[in-house]
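Q: Structure provided below as structure tokens; questions to follow.
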Amino acid sequence: MSLLVTDILKGALDNCRKKGLLEVKEIPPVLLERPKKDEFGDYATNFAMIIASKENIPPRRVADIIAGAIETGDIVRKVEVAGPGFINLFMNKIYWIRMLRDAVSKGEMYGKTDTGKGKKVLIEFISANPTGPLHIGHARGAVFGDTMANILEAVGFDVTREFYINDAGSQVKNLNESIFLKRKEERGEAVKWDENHYRGEYIARLAAGVDNIKGEGAEEIGEYALGEILNWIKRDLNDFNVRFDNWFSERGLYKTGKVDKLLDELRLKGFIEERDGAVWFRSIEFGDDKNRVVKRESGEPTYFASDIAYHYDKYERGFDSLINIWGADHHGYMPRIMAVVQALGHDKDSLRVVLVQMVTILRDGKPVTMSKRAGEYITLRDVLDEVGSDAMRFFFMMRKSDAQMEFDLELAKKQAPENPAFYVQYAHARINSIIEYAEEKSLELSGIRDADLNRLELKEEFDIIRFITLFPEIIGDAAQSLDPHRITFYLQELAGLFHSYYNRNRIVSDDIQLTKARLYLCSSIKVVLNNGLTLLGVSAPKKM
RNA sequence: GCGCCCAUAGCUCAGUUGGAUAGAGCAUCUGACUACGAAUCAGAAGGUCGGGGGUUCGAAUCCCUCUGGGCGCGCCA
């Protein structure tokens, strides 16, 4: 809707050009800001300053000329030039009331746009080895990926969520061995564990289950264990409200011969070389600091080899925009995968890799230690059972992906205002309760659609409306910069505005018309809280 | 040694991609319920944006450098 405002500015600029007041060879994109301070208006733009620097005219003068060409009336109340050359627009009440009606009438659709134009996007996340339960680091990636996918869908992309199952390679072999060893150990035989083996308690669980399967060959046990673990993973994710459209098997790439096919293709393009008995991909040609092995001396392909085929397959399926979400410890892998993208003939911007940083779990204010060697790590399931999906998801979305985070178990569990997840959900429940109260109290209130919104006149009411109108922009920003945490912060602020408004003002009163208008405003807040929480995969409870 | 990420209030963190006087929450003090959910709100206090240079009308934001922390640097995944 702020498009309307950009149109006004563009129109003014056009006028200046026609009248010969400004030359303006090229119109810069009009970036609208929402100033924090009231004195700077409802919308502000700095584009007069941008033009000025290109045309060599003092910025204030350019701003004055453009400002003079902006028509005031129903929509724009006042135009001011301020500071070094900002153009500040002050909007009329009628404009805000229209925006408010727009939000409420759109309901669940409010905030959604079609800027993505149905473009196909593949978002790959978690992609854990199916050699054990998901841990807390996976949980952060899971929330990030799922939320990001929700956001991209909201702005009109055709999103596919994919889990790449690393069910080939040596890790799986290690898993099988671990189960074998565990069984031996339980029979009282002496066994020798090495650092490649998995030692978590779930190995015992798997070992115990082996008795129930047919055959005890390595293959049968491997199949059984992978299937079992994958089921755990799926169940955890389901309870965590994380959805996938596709589970893509690494082994499938070998079965269909795609890995060899791709290596041949790259060989034809001259990106493959043989050295020291191994086969290498010349990633160095695309800025990697060394070439990478795709086939070992033993003839076995590496993980990287199948990953090449995997990414080729993504493009082949018609996705021209790929997003990979990785744990930050994989950052060293990035140059080689970017090299693959380019070697396959794609623009390097077509793949965006988001590195999600590490998580430290705090209990009683102290970090919980994990020992990979002893197989001790905190699983997604542990935390899910302890704090619940809503708080867990909300907490993970309170940090930007590239910052390490601390996850405070006690805080997440607290049913109190210092728990931000609770605070936002509470605002939603509270509004719901007020609306119910009003409906019970008076039948006349049943329809708030025809409320006379001119009855809204408090500054804080219009602050809320302005903030509501920000929502679509926030989603757009989050989508563009792959920063889902912006939604979380926005919701906290909106909840705060509401709580404050509620405490200062009576919503339901004897003044029926005013009550209706205020309920209308509250319902808009409810719409946005609901839509925002839904994007985060967090419930918007009517009661708590 | 090389590379990536981080450093903002006592603590945990935002900061709309270079804008105007740097913001929240928690913790700490002081206040507010015989009316719609006090699971809430109002107020106070809290800062050399890690240090130092540079780029320009303008820097927490971009560049260089130093310091401190995390993570990588395999014919593992």
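Here's how to read the names in the structure tokens: chain A, B, ... by the order shown, residue numbers from 1 in each chain, ligand numbers from 1 in the order shown.
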Report as JSON lines the residues of region 23-71 of chain B within 12 Å of region 46-57 of chain A, each with its shortest atom pair and distance in Å (one decimal), using only C-alpha atoms (C1' of nucleotides), ordered by chain and increasing residue number.

A:
{"residue": "B:U56", "atom": "C1'", "partner": "A:Ser53", "partner_atom": "CA", "distance": 10.9}
{"residue": "B:C57", "atom": "C1'", "partner": "A:Met49", "partner_atom": "CA", "distance": 9.0}
{"residue": "B:G58", "atom": "C1'", "partner": "A:Met49", "partner_atom": "CA", "distance": 11.0}

Q: Between chain B and chain A, at 7 Å or less, what are the per-residue closest atom pairs and their distances in Å? Count only C-alpha atoms (C1' of nucleotides), order by chain and rising residue number, and return it as JSON lines.

A:
{"residue": "B:C4", "atom": "C1'", "partner": "A:His331", "partner_atom": "CA", "distance": 6.4}
{"residue": "B:C5", "atom": "C1'", "partner": "A:Asp402", "partner_atom": "CA", "distance": 6.4}
{"residue": "B:C6", "atom": "C1'", "partner": "A:Ala403", "partner_atom": "CA", "distance": 6.1}
{"residue": "B:A20", "atom": "C1'", "partner": "A:Gly83", "partner_atom": "CA", "distance": 6.6}
{"residue": "B:C26", "atom": "C1'", "partner": "A:Glu418", "partner_atom": "CA", "distance": 6.6}
{"residue": "B:C36", "atom": "C1'", "partner": "A:Ile434", "partner_atom": "CA", "distance": 5.4}
{"residue": "B:G37", "atom": "C1'", "partner": "A:Arg430", "partner_atom": "CA", "distance": 5.8}
{"residue": "B:A39", "atom": "C1'", "partner": "A:Ala416", "partner_atom": "CA", "distance": 5.4}
{"residue": "B:U40", "atom": "C1'", "partner": "A:His499", "partner_atom": "CA", "distance": 6.6}
{"residue": "B:C41", "atom": "C1'", "partner": "A:Asn503", "partner_atom": "CA", "distance": 5.6}
{"residue": "B:C71", "atom": "C1'", "partner": "A:Asp329", "partner_atom": "CA", "distance": 5.6}
{"residue": "B:G72", "atom": "C1'", "partner": "A:Gly332", "partner_atom": "CA", "distance": 5.7}
{"residue": "B:C75", "atom": "C1'", "partner": "A:Arg296", "partner_atom": "CA", "distance": 4.6}
{"residue": "B:A77", "atom": "C1'", "partner": "A:Tyr303", "partner_atom": "CA", "distance": 6.5}

Q: Using the selection just defined, write its residues with C-alpha atoms (C1' of nucleotides) as a PDB file, in the first residue's frame.

A:
ATOM      1  C1'   C B   4      34.426 -17.436   7.863  1.00  0.00           C
ATOM      2  C1'   C B   5      31.244 -15.394  11.865  1.00  0.00           C
ATOM      3  C1'   C B   6      30.723 -12.369  16.184  1.00  0.00           C
ATOM      4  C1'   A B  20      18.134  12.803  11.512  1.00  0.00           C
ATOM      5  C1'   C B  26      15.660  -8.834  31.639  1.00  0.00           C
ATOM      6  C1'   C B  36     -12.635  -5.333  29.320  1.00  0.00           C
ATOM      7  C1'   G B  37      -7.155 -11.180  31.390  1.00  0.00           C
ATOM      8  C1'   A B  39       0.325 -13.596  32.725  1.00  0.00           C
ATOM      9  C1'   U B  40      -0.277  -6.353  32.234  1.00  0.00           C
ATOM     10  C1'   C B  41       1.196  -1.168  32.441  1.00  0.00           C
ATOM     11  C1'   C B  71      34.040 -22.184  14.190  1.00  0.00           C
ATOM     12  C1'   G B  72      36.570 -24.294  10.128  1.00  0.00           C
ATOM     13  C1'   C B  75      40.975 -38.994  -0.302  1.00  0.00           C
ATOM     14  C1'   A B  77      29.990 -35.779   6.195  1.00  0.00           C
TER      15        A B  77
END

Q: C1' of U12 (chain B) and CA of Leu482 (chain A) are how many Å apart?

A: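 Value for the C1' of U12 (chain B)-CA of Leu482 (chain A) distance: 22.4 Å.
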
Q: Excluding Thr469 (chain A) and its own-chain neighbours fewer than 4 positions away, which residues fall within 10 Å of it when counting only C-alpha atoms (C1' of nucleotides)? Please give them as an MDAnalysis selection string.

A: chainID A and resid 1:2 96 99:100 102:103 110:111 464:465 473:474 528

Q: Got a sec: who's within 12 Å of Asp347 (chain A), counting only C-alpha atoms (C1' of nucleotides), leaving out chain neighbours fewer than 5 positions off, as a PyMOL selection string?

A: chain A and resi 286+315+320-322+338-342+352

Q: Which value, in Å to one decimal, gives the distance between CA of Asn246 (chain A) and CA of Thr160 (chain A)?

A: 7.5 Å
